[in-house]
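Source file protein_13.txt; content: compact mmCIF, C-alpha atoms.
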# COMPACT_ATOMS: atom_id res chain seq x y z
CA MET R 515 0.00 0.00 0.00
CA THR R 516 1.35 3.43 -0.96
CA LEU R 517 1.37 5.85 1.94
CA MET R 518 1.20 9.60 1.97
CA LYS R 519 4.52 11.33 2.38
CA PRO R 520 4.89 12.01 6.12
CA LEU R 521 4.60 15.60 7.28
CA SER R 522 7.61 17.15 8.95
CA ARG R 523 6.81 17.11 12.66
CA ARG R 524 9.35 19.87 13.24
CA THR R 525 7.50 22.21 10.87
CA PHE R 526 4.05 21.28 12.17
CA LEU R 527 4.94 21.44 15.84
CA ARG R 528 6.68 24.80 15.59
CA LYS R 529 3.53 26.25 14.07
CA SER R 530 1.21 24.68 16.60
CA ALA R 531 3.24 25.58 19.72
CA VAL R 532 4.24 22.20 21.07
CA ALA R 533 3.41 23.02 24.69
CA GLY R 534 0.58 25.42 24.23
CA GLY R 535 -0.97 25.10 27.69
CA LEU R 536 -4.43 23.71 28.42
CA ALA R 537 -6.32 25.43 25.60
CA PRO R 538 -6.83 23.61 22.29
CA LEU R 539 -4.50 24.74 19.55
CA ALA R 540 -7.51 25.85 17.58
CA LEU R 541 -7.97 28.81 19.90
CA SER R 542 -4.92 30.32 18.24
CA GLY R 543 -6.18 29.45 14.76
CA LEU R 544 -3.22 27.17 14.11
CA ALA R 545 -4.91 23.76 13.90
CA PRO R 546 -4.39 22.15 10.47
CA ALA R 547 -7.38 21.68 8.22
CA TRP R 548 -7.62 17.92 8.71
CA VAL R 549 -8.84 18.36 12.28
CA SER R 550 -10.93 21.50 11.89
CA ARG R 551 -13.77 20.07 9.82
CA ALA R 552 -17.02 19.27 11.58
CA TYR R 553 -19.21 16.29 10.73
CA ALA R 554 -22.96 15.96 11.08
CA ALA R 555 -22.44 12.74 13.07
CA GLU R 556 -20.05 14.29 15.59
CA PRO R 557 -21.34 15.06 19.11
CA GLY R 558 -22.66 18.59 19.34
CA PRO R 559 -21.55 21.05 22.05
CA ASN R 560 -24.34 20.00 24.41
CA SER R 561 -24.89 16.36 23.41
CA LYS R 562 -23.86 13.17 25.15
CA VAL R 563 -20.49 11.60 24.44
CA ARG R 564 -20.88 7.83 24.32
CA LEU R 565 -17.77 5.95 25.37
CA GLY R 566 -16.47 2.50 24.58
CA LEU R 567 -13.68 1.29 26.90
CA ILE R 568 -11.09 -1.17 25.61
CA GLY R 569 -8.89 -2.46 28.44
CA CYS R 570 -10.34 -2.31 31.94
CA GLY R 571 -7.31 -2.87 34.15
CA ALA R 572 -6.17 -0.42 36.80
CA MET R 573 -5.41 2.32 34.25
CA GLY R 574 -8.63 1.76 32.35
CA GLN R 575 -10.68 1.85 35.55
CA GLY R 576 -8.99 5.08 36.64
CA ASP R 577 -9.48 6.68 33.24
CA LEU R 578 -13.13 5.61 33.17
CA GLN R 579 -13.78 7.30 36.51
CA CYS R 580 -11.99 10.40 35.25
CA PHE R 581 -14.18 10.52 32.13
CA PHE R 582 -17.22 10.22 34.39
CA LEU R 583 -16.26 13.52 36.06
CA ASN R 584 -17.80 15.04 32.93
CA PRO R 585 -21.62 14.85 33.04
CA GLU R 586 -22.05 14.43 29.28
CA VAL R 587 -20.13 11.13 29.23
CA ASP R 588 -21.93 7.78 29.23
CA CYS R 589 -20.33 4.34 28.77
CA ALA R 590 -22.07 2.07 26.28
CA VAL R 591 -19.72 -0.91 26.32
CA ILE R 592 -16.62 -2.25 28.08
CA CYS R 593 -14.15 -4.66 26.50
CA ASP R 594 -11.57 -6.77 28.30
CA VAL R 595 -10.26 -10.32 27.93
CA ASP R 596 -10.64 -10.93 31.69
CA ASP R 597 -14.06 -11.48 33.27
CA GLU R 598 -12.89 -10.08 36.61
CA ARG R 599 -11.90 -6.79 35.03
CA LEU R 600 -15.12 -6.57 33.08
CA ALA R 601 -17.00 -6.91 36.36
CA LYS R 602 -15.01 -4.07 37.91
CA GLY R 603 -15.80 -1.81 34.97
CA VAL R 604 -19.51 -2.60 35.22
CA GLU R 605 -19.39 -1.81 38.94
CA ILE R 606 -17.88 1.63 38.23
CA CYS R 607 -20.58 2.40 35.63
CA ASN R 608 -23.36 1.32 37.95
CA LYS R 609 -21.97 3.44 40.76
CA LYS R 610 -21.24 6.56 38.71
CA ARG R 611 -24.09 6.49 36.18
CA GLY R 612 -26.60 3.98 37.49
CA LYS R 613 -26.40 2.09 34.19
CA THR R 614 -25.02 -1.31 33.22
CA PRO R 615 -22.92 -1.23 30.03
CA ASP R 616 -22.63 -4.13 27.63
CA THR R 617 -19.48 -6.26 27.96
CA VAL R 618 -17.43 -7.95 25.24
CA LYS R 619 -14.03 -9.64 24.94
CA ASP R 620 -13.32 -8.75 21.30
CA PHE R 621 -12.54 -5.04 20.83
CA ARG R 622 -13.91 -5.16 17.28
CA ARG R 623 -17.41 -5.49 18.72
CA VAL R 624 -16.88 -2.06 20.33
CA LEU R 625 -15.93 -0.51 17.00
CA ASP R 626 -18.94 -2.04 15.25
CA ARG R 627 -21.38 -0.09 17.41
CA LYS R 628 -23.18 3.02 16.21
CA ASP R 629 -23.76 4.16 19.81
CA VAL R 630 -20.02 4.67 20.49
CA ASP R 631 -18.57 8.11 19.70
CA VAL R 632 -15.18 7.82 21.38
CA VAL R 633 -12.96 4.91 22.31
CA LEU R 634 -10.77 4.83 25.40
CA ILE R 635 -7.84 2.42 24.93
CA ALA R 636 -6.02 1.38 28.10
CA THR R 637 -4.65 -1.99 27.00
CA PRO R 638 -1.07 -3.29 27.25
CA ASP R 639 1.25 -1.43 24.86
CA HIS R 640 1.25 -4.14 22.17
CA TRP R 641 -2.52 -3.66 21.82
CA HIS R 642 -2.52 0.13 21.32
CA ALA R 643 -1.95 0.34 17.56
CA ILE R 644 -4.51 -2.00 15.99
CA PRO R 645 -7.55 -0.78 17.99
CA THR R 646 -6.57 2.86 17.44
CA VAL R 647 -6.18 2.47 13.68
CA LEU R 648 -9.38 0.46 13.31
CA ALA R 649 -11.26 2.92 15.54
CA CYS R 650 -10.19 5.78 13.28
CA GLN R 651 -11.35 3.79 10.25
CA ALA R 652 -14.68 3.22 12.00
CA GLY R 653 -15.16 6.97 12.54
CA LYS R 654 -14.42 6.98 16.29
CA ASP R 655 -12.27 9.49 18.16
CA VAL R 656 -9.68 7.96 20.48
CA TYR R 657 -8.05 8.57 23.86
CA VAL R 658 -5.13 6.12 23.99
CA GLU R 659 -2.78 5.65 26.91
CA LYS R 660 0.95 6.20 26.64
CA PRO R 661 3.30 5.15 25.18
CA LEU R 662 1.61 5.61 21.86
CA ALA R 663 2.51 2.07 20.76
CA LYS R 664 5.06 -0.70 21.25
CA THR R 665 7.16 0.47 18.29
CA ILE R 666 7.89 3.59 16.28
CA GLY R 667 6.36 2.07 13.14
CA GLU R 668 3.07 1.38 14.91
CA GLY R 669 2.97 4.99 16.09
CA ARG R 670 3.41 6.20 12.52
CA ALA R 671 0.49 4.00 11.37
CA MET R 672 -1.69 5.45 14.15
CA LEU R 673 -0.78 8.99 13.10
CA GLU R 674 -1.53 8.20 9.45
CA ALA R 675 -4.93 6.75 10.41
CA ALA R 676 -5.86 9.78 12.52
CA LYS R 677 -5.04 12.14 9.66
CA ARG R 678 -6.59 10.11 6.85
CA HIS R 679 -9.85 9.68 8.72
CA GLN R 680 -9.80 13.14 10.31
CA ARG R 681 -10.14 11.88 13.86
CA VAL R 682 -9.36 13.51 17.19
CA VAL R 683 -6.81 11.38 19.05
CA GLN R 684 -5.19 12.25 22.38
CA MET R 685 -2.31 10.35 24.02
CA GLY R 686 -2.89 9.91 27.74
CA SER R 687 0.24 11.44 29.25
CA GLN R 688 -1.63 13.89 31.48
CA TRP R 689 1.41 16.01 32.37
CA ARG R 690 0.96 17.89 29.10
CA SER R 691 -2.09 19.43 30.83
CA CYS R 692 -0.42 20.18 34.18
CA LYS R 693 -0.49 23.88 35.09
CA HIS R 694 2.88 24.23 36.82
CA ILE R 695 4.66 22.16 34.16
CA VAL R 696 3.17 24.32 31.41
CA GLU R 697 4.27 27.43 33.34
CA ALA R 698 7.85 26.17 33.83
CA THR R 699 8.29 25.05 30.24
CA ASP R 700 6.82 28.31 28.92
CA LEU R 701 9.49 30.10 30.94
CA ILE R 702 12.24 27.92 29.44
CA ARG R 703 11.06 28.51 25.89
CA SER R 704 10.84 32.25 26.56
CA GLY R 705 14.65 32.33 26.77
CA LYS R 706 14.80 33.57 30.36
CA LEU R 707 16.79 30.50 31.39
CA GLY R 708 19.35 31.36 28.74
CA LYS R 709 20.85 28.75 26.45
CA VAL R 710 19.75 25.26 27.55
CA SER R 711 22.46 22.76 26.73
CA ILE R 712 21.67 19.75 28.94
CA VAL R 713 18.28 18.29 29.90
CA ARG R 714 18.09 15.41 32.33
CA GLY R 715 15.19 13.24 33.45
CA TRP R 716 15.25 10.45 36.02
CA ALA R 717 13.00 7.92 37.75
CA TYR R 718 14.30 6.09 40.84
CA LEU R 719 11.48 3.84 41.95
CA ASP R 720 11.61 1.89 45.20
CA TRP R 721 8.08 0.53 44.69
CA LEU R 722 9.25 -1.82 41.94
CA PRO R 723 10.05 -5.11 43.72
CA SER R 724 11.35 -8.35 42.25
CA ILE R 725 8.50 -10.17 40.52
CA GLY R 726 10.13 -13.56 41.06
CA LYS R 727 10.39 -16.45 38.62
CA PRO R 728 7.03 -18.23 38.50
CA ALA R 729 6.66 -21.18 36.17
CA ASP R 730 4.42 -21.22 33.12
CA CYS R 731 0.91 -22.47 33.84
CA PRO R 732 -2.60 -22.56 32.37
CA SER R 733 -4.25 -19.18 31.94
CA PRO R 734 -6.83 -18.24 34.60
CA ALA R 735 -10.49 -19.12 34.18
CA GLY R 736 -12.44 -16.35 32.50
CA VAL R 737 -9.43 -15.08 30.51
CA ASP R 738 -9.17 -15.19 26.71
CA TYR R 739 -5.40 -15.50 26.67
CA ASP R 740 -5.08 -15.90 22.89
CA MET R 741 -6.85 -12.56 22.43
CA TRP R 742 -4.63 -11.02 25.12
CA LEU R 743 -1.56 -12.08 23.11
CA GLY R 744 -3.10 -10.82 19.88
CA PRO R 745 -0.31 -9.75 17.52
CA ALA R 746 2.45 -10.65 20.03
CA PRO R 747 4.45 -13.88 19.61
CA GLN R 748 2.93 -17.10 20.89
CA HIS R 749 4.08 -17.83 24.46
CA ALA R 750 2.84 -20.09 27.21
CA PHE R 751 0.92 -18.26 29.91
CA ASN R 752 3.11 -16.97 32.72
CA PRO R 753 1.77 -14.86 35.62
CA ASN R 754 4.58 -12.34 35.14
CA ARG R 755 3.85 -11.83 31.45
CA PHE R 756 0.30 -10.67 32.10
CA HIS R 757 -1.62 -7.68 33.42
CA PHE R 758 0.60 -5.07 35.14
CA ASN R 759 3.93 -6.86 34.69
CA PHE R 760 3.62 -7.04 30.90
CA ARG R 761 5.69 -3.82 31.00
CA TRP R 762 8.91 -5.71 31.69
CA PHE R 763 8.86 -7.99 28.61
CA TRP R 764 9.98 -6.98 25.12
CA ASP R 765 7.11 -8.83 23.39
CA TYR R 766 4.62 -6.37 24.87
CA ALA R 767 6.39 -3.17 25.96
CA GLY R 768 9.70 -1.39 26.58
CA GLY R 769 10.21 -1.34 30.35
CA LEU R 770 10.71 1.86 32.29
CA MET R 771 12.34 3.52 29.27
CA THR R 772 8.96 3.73 27.53
CA ASP R 773 6.66 3.48 30.58
CA TRP R 774 7.94 6.32 32.75
CA GLY R 775 10.31 7.59 30.08
CA VAL R 776 7.51 8.73 27.78
CA HIS R 777 5.97 10.79 30.59
CA LEU R 778 9.21 12.57 31.42
CA ILE R 779 10.48 12.91 27.86
CA ASN R 780 7.12 14.51 27.09
CA MET R 781 7.81 17.10 29.81
CA MET R 782 11.44 17.58 28.77
CA LEU R 783 10.47 18.30 25.17
CA MET R 784 7.79 20.75 26.32
CA GLY R 785 10.72 22.93 27.40
CA THR R 786 13.04 22.39 24.47
CA GLY R 787 10.73 22.15 21.46
CA PRO R 788 10.08 19.81 18.55
CA ASP R 789 13.59 19.11 17.24
CA GLU R 790 14.34 15.51 16.31
CA PRO R 791 17.17 13.54 17.96
CA LYS R 792 20.18 12.83 15.80
CA SER R 793 21.32 9.77 17.74
CA ALA R 794 20.82 7.72 20.89
CA TYR R 795 23.11 5.55 22.99
CA SER R 796 22.05 3.51 26.01
CA CYS R 797 23.57 1.15 28.56
CA GLY R 798 22.35 -0.63 31.67
CA GLY R 799 21.11 -4.04 32.69
CA LYS R 800 19.44 -6.28 35.26
CA PHE R 801 21.61 -5.19 38.19
CA VAL R 802 19.05 -4.94 41.01
CA LEU R 803 16.17 -7.38 40.54
CA ASP R 804 16.56 -11.15 40.48
CA ASP R 805 13.50 -12.25 38.50
CA ASN R 806 12.44 -13.31 35.03
CA SER R 807 11.72 -9.82 33.70
CA GLU R 808 13.61 -8.84 30.54
CA THR R 809 13.86 -5.06 30.44
CA PRO R 810 16.66 -3.29 32.35
CA ASP R 811 16.09 -2.26 35.95
CA SER R 812 18.99 0.21 35.62
CA GLN R 813 19.52 2.24 32.46
CA VAL R 814 21.11 5.47 31.24
CA THR R 815 20.33 6.81 27.77
CA MET R 816 21.94 9.80 26.08
CA TYR R 817 20.39 11.57 23.09
CA GLU R 818 22.15 13.98 20.77
CA PHE R 819 19.82 16.77 19.65
CA PRO R 820 20.94 19.55 17.29
CA ASP R 821 21.45 22.10 20.08
CA TYR R 822 21.51 20.17 23.36
CA THR R 823 22.02 16.80 25.03
CA LEU R 824 19.12 14.93 26.65
CA ILE R 825 19.83 12.30 29.31
CA TRP R 826 17.40 9.75 30.72
CA GLU R 827 18.14 7.43 33.64
CA HIS R 828 16.13 5.03 35.75
CA LYS R 829 16.82 2.60 38.55
CA ALA R 830 14.55 0.22 40.43
CA GLY R 831 14.69 -0.61 44.11
CA LEU R 832 15.48 2.78 45.65
CA ASN R 833 13.99 6.23 46.03
CA ASN R 834 16.97 8.61 46.24
CA GLY R 835 17.20 10.25 42.86
CA LEU R 836 18.84 13.51 41.89
CA TYR R 837 18.20 16.45 44.25
CA ASN R 838 16.58 13.99 46.69
CA ARG R 839 13.66 13.58 44.31
CA SER R 840 12.58 10.08 43.34
CA TRP R 841 11.79 11.42 39.88
CA GLY R 842 12.21 14.73 38.15
CA ILE R 843 13.57 16.81 35.32
CA GLU R 844 16.34 19.39 35.16
CA TRP R 845 16.90 21.91 32.39
CA SER R 846 20.40 23.42 32.61
CA GLY R 847 20.61 26.88 31.07
CA SER R 848 23.24 29.58 30.97
CA GLU R 849 21.18 31.75 33.38
CA GLY R 850 20.31 28.95 35.80
CA ASN R 851 18.57 25.62 36.22
CA ILE R 852 14.94 24.61 36.56
CA ILE R 853 14.23 21.45 38.54
CA LEU R 854 10.70 20.06 38.30
CA ASN R 855 8.48 17.19 39.40
CA ASP R 856 4.89 16.72 40.54
CA GLU R 857 5.58 18.69 43.74
CA GLY R 858 6.41 21.87 41.82
CA TYR R 859 9.43 23.51 40.24
CA GLU R 860 12.45 25.44 41.45
CA ILE R 861 14.65 28.01 39.68
CA ARG R 862 18.28 28.05 40.78
CA THR R 863 20.12 30.97 39.22
CA GLU R 864 23.77 31.01 38.23
CA ARG R 865 25.92 32.96 40.69
CA LYS R 866 27.42 35.19 38.00
CA ARG R 867 24.09 36.06 36.43
CA ALA R 868 21.57 38.68 37.49
CA ASN R 869 18.78 38.25 34.91
CA LEU R 870 16.78 35.65 36.82
CA ASP R 871 15.59 35.28 40.41
CA ASN R 872 15.61 32.15 42.53
CA LEU R 873 12.07 30.86 42.85
CA ARG R 874 10.02 27.96 44.20
CA LYS R 875 6.56 27.20 42.85
CA PRO R 876 4.22 24.51 44.29
CA GLY R 877 2.74 21.69 42.27
CA SER R 878 -0.70 21.63 40.70
CA PRO R 879 -3.72 19.37 41.27
CA ASP R 880 -3.96 16.04 39.43
CA PRO R 881 -3.83 17.04 35.75
CA ARG R 882 -5.65 13.99 34.39
CA PRO R 883 -9.14 15.58 34.62
CA ALA R 884 -7.93 18.59 32.63
CA HIS R 885 -6.31 16.30 30.04
CA VAL R 886 -9.53 14.34 29.58
CA ARG R 887 -11.56 17.56 29.48
CA ASN R 888 -9.31 18.91 26.73
CA PHE R 889 -9.94 15.76 24.70
CA LEU R 890 -13.71 15.97 25.14
CA ASP R 891 -13.73 19.64 24.17
CA CYS R 892 -11.82 18.79 21.01
CA VAL R 893 -14.16 15.93 20.16
CA LYS R 894 -16.92 18.55 20.01
CA SER R 895 -14.94 21.37 18.37
CA ARG R 896 -12.91 19.13 15.98
CA GLN R 897 -9.73 20.94 17.01
CA GLN R 898 -6.34 19.56 18.00
CA PRO R 899 -5.93 18.23 21.56
CA VAL R 900 -2.83 19.28 23.48
CA LEU R 901 -1.21 15.84 23.09
CA ASN R 902 -2.32 14.98 19.58
CA LEU R 903 -0.55 12.24 17.63
CA ASP R 904 1.97 14.52 15.94
CA ILE R 905 3.31 15.27 19.40
CA GLY R 906 2.58 11.85 20.93
CA HIS R 907 4.39 10.05 18.12
CA HIS R 908 7.37 12.38 18.42
CA VAL R 909 7.65 11.88 22.20
CA SER R 910 7.20 8.10 21.99
CA THR R 911 9.74 7.83 19.17
CA VAL R 912 12.44 9.40 21.35
CA ALA R 913 11.76 6.86 24.10
CA HIS R 914 11.72 3.92 21.68
CA LEU R 915 15.09 4.95 20.27
CA GLY R 916 16.52 4.56 23.78
CA SER R 917 15.19 1.00 23.96
CA ILE R 918 16.58 0.16 20.52
CA ALA R 919 20.00 1.51 21.44
CA TYR R 920 19.97 -0.54 24.64
CA ARG R 921 18.87 -3.76 22.94
CA THR R 922 21.53 -3.52 20.23
CA GLY R 923 24.27 -2.20 22.50
CA ARG R 924 25.17 0.40 19.89
CA LYS R 925 24.73 4.07 19.19
CA VAL R 926 21.87 4.44 16.72
CA ILE R 927 21.73 7.21 14.10
CA TRP R 928 18.20 8.40 13.41
CA ASP R 929 16.80 9.52 10.08
CA PRO R 930 13.62 11.39 11.10
CA LEU R 931 12.36 12.09 7.58
CA ASN R 932 12.19 8.41 6.66
CA GLU R 933 11.86 7.18 10.26
CA ARG R 934 14.61 4.64 10.03
CA ILE R 935 17.94 3.90 11.69
CA LEU R 936 20.87 4.42 9.37
CA ALA R 937 23.55 1.84 8.55
CA ASP R 938 22.28 -0.71 11.07
CA PRO R 939 19.79 -3.25 9.65
CA GLU R 940 19.50 -5.12 12.96
CA ALA R 941 18.54 -1.97 14.85
CA ASN R 942 16.24 -0.84 12.05
CA LYS R 943 14.19 -4.04 12.35
CA LEU R 944 13.21 -2.93 15.85
CA VAL R 945 11.58 0.21 14.43
CA THR R 946 8.67 -1.96 13.31
CA ALA R 947 6.82 -4.94 14.80
CA GLU R 948 6.27 -8.41 13.36
CA TYR R 949 2.70 -9.53 13.99
CA ARG R 950 1.45 -13.00 14.76
CA LYS R 951 -1.06 -14.19 12.18
CA PRO R 952 -3.81 -13.39 11.44
CA TRP R 953 -3.28 -9.89 12.86
CA SER R 954 -2.08 -7.05 10.66
CA LEU R 955 -1.88 -3.27 10.92
CA PRO R 956 -3.28 -0.97 8.22
CA TYR R 957 -0.91 1.80 7.09
CA ALA R 958 2.11 0.03 8.61
CA ARG R 959 5.43 0.38 6.86
CA THR R 960 7.93 -2.41 6.48
CA ALA R 961 11.47 -2.18 7.87
Encoded form (structure tokens):
Amino acid sequence: MTLMKPLSRRTFLRKSAVAGGLAPLALSGLAPAWVSRAYAAEPGPNSKVRLGLIGCGAMGQGDLQCFFLNPEVDCAVICDVDDERLAKGVEICNKKRGKTPDTVKDFRRVLDRKDVDVVLIATPDHWHAIPTVLACQAGKDVYVEKPLAKTIGEGRAMLEAAKRHQRVVQMGSQWRSCKHIVEATDLIRSGKLGKVSIVRGWAYLDWLPSIGKPADCPSPAGVDYDMWLGPAPQHAFNPNRFHFNFRWFWDYAGGLMTDWGVHLINMMLMGTGPDEPKSAYSCGGKFVLDDNSETPDSQVTMYEFPDYTLIWEHKAGLNNGLYNRSWGIEWSGSEGNIILNDEGYEIRTERKRANLDNLRKPGSPDPRPAHVRNFLDCVKSRQQPVLNLDIGHHVSTVAHLGSIAYRTGRKVIWDPLNERILADPEANKLVTAEYRKPWSLPYARTA
């Protein structure tokens, strides 16, 4: 299948103000035409928004309750492969809306329905791309959890589908809608911090214990395990390769580099802008946890951008990160540094400079309600959400390049125009995903 020539994210994002606060980009008149057209079938400003939930684990349940903070939202149907999780979703709907939604185990039955306007996808990472693409083809708008997909190539297919079918799609990294983060990154982009040459993000997480080494066993009663695997390689059921712990296995996800990394890289790029990385190098390993997980529990990744260096690091099993913060971000500028996390941000000025004052600002309330509200507003207005797929694909690509560099043990050189790794066929294969039959992904490119 011949695909449209990809748009330059750098050009698009510069025009649409990559971290434009909580208001939709359309308020500035900068949204591209493909998202500004209204359809007769779209929900009107005062009409109900009918939701279909795909993936009702802990994240899906939390997102569902957040959507229900908005009175116009109803839930028509919930999809999950696990009967226990379906029951929990039904319980939430009964409690919040006094209504019992339909339940299904095949996500395609959600997309078939005429009474579903928007789809909320909170599945494991390897199940983000296919439902999103098919939802766009079915005329649904989509709120999909981060990272955008398991691979860069899947993210590109999702972006192509959103544009071709003129859908509103938001990636669920709620920090893009966090007031104090928007304020801090606006300040950085204003130039008041001076020339930013190093950006660092870290996550030191003492709540990640060893998951042990359980043996393979039959899948639990009430679980459609073959559907859970979907496009992933065939593998015997193992308790660690299921539900929450899927994150630590390459068949389904990318470990902390793409789980927490996408959140923090999202914030880091809010301050630095839409430039593409030129290269990535990563090292680390299983140095802390003695279990059967595959992704590194300790990792440092360095990215070369045109005008600065970005560094990501994570470590499991302890809480003492940089500046005594378990996680955070630091932008190092010629006028001073900004250090930020969920508790707020701090400006530390350079001793020889007098153009900036030391400052401490407190954190903001949970930003997830604002992020969901922004999506719902855009569903009605047909404007761009703050974390649309141009931005979400860009952010997720940076994180995935760190995983690819780690898995190959080599520095990878990135060609952003063609979205491929140069002069390294082995690394370039990891840009895309091989799917187990009979699953396939529309608009997907080959390696």
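Across R:Leu901, R:Ala919, R:Met781, R:Val926, the tightest approach to R:Gly842 is made by R:Met781 when counting all atoms listed in the file.
Residues in contact range of R:Tyr920, defined as at most 7 Å between all atoms listed in the file, with sequence neighbours fewer than 4 positions away removed, read R:Ser796, R:Cys797, R:Gly916.
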With C-alpha atoms kept, could you save the residues just selected as a PDB file, in the coordinates of the input?
ATOM      1  CA  SER R 796      22.050   3.510  26.010  1.00  0.00           C
ATOM      2  CA  CYS R 797      23.570   1.150  28.560  1.00  0.00           C
ATOM      3  CA  GLY R 916      16.520   4.560  23.780  1.00  0.00           C
TER       4      GLY R 916
END
Work out how far apart atom CA of R:Leu722 and atom CA of R:Ala830 are and give it in Å to one decimal.
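Pair atom CA of R:Leu722 / atom CA of R:Ala830 returns 5.9 Å.
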Atom-to-atom span, atom CA of R:Gly726 and atom CA of R:Ser812, Å
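Atom-to-atom, atom CA of R:Gly726 to atom CA of R:Ser812, that is 17.3 Å.
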Between atom CA of R:Arg874 and atom CA of R:Ser840, what is the distance in Å, rounded to a tenth?
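Interatomic distance here is 18.1 Å.
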Residue with smallest distance to R:Val713 - pool R:Asn584, R:Thr815, R:Asn888, R:Asn902, counting all atoms listed in the file:
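Closest residue, counting all atoms listed in the file: R:Thr815.
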Counting only C-alpha atoms, the option among R:Leu931, R:Leu578, R:Leu783, R:Ile695 closest to R:Asp856:
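Result for the nearest residue to R:Asp856: R:Ile695.
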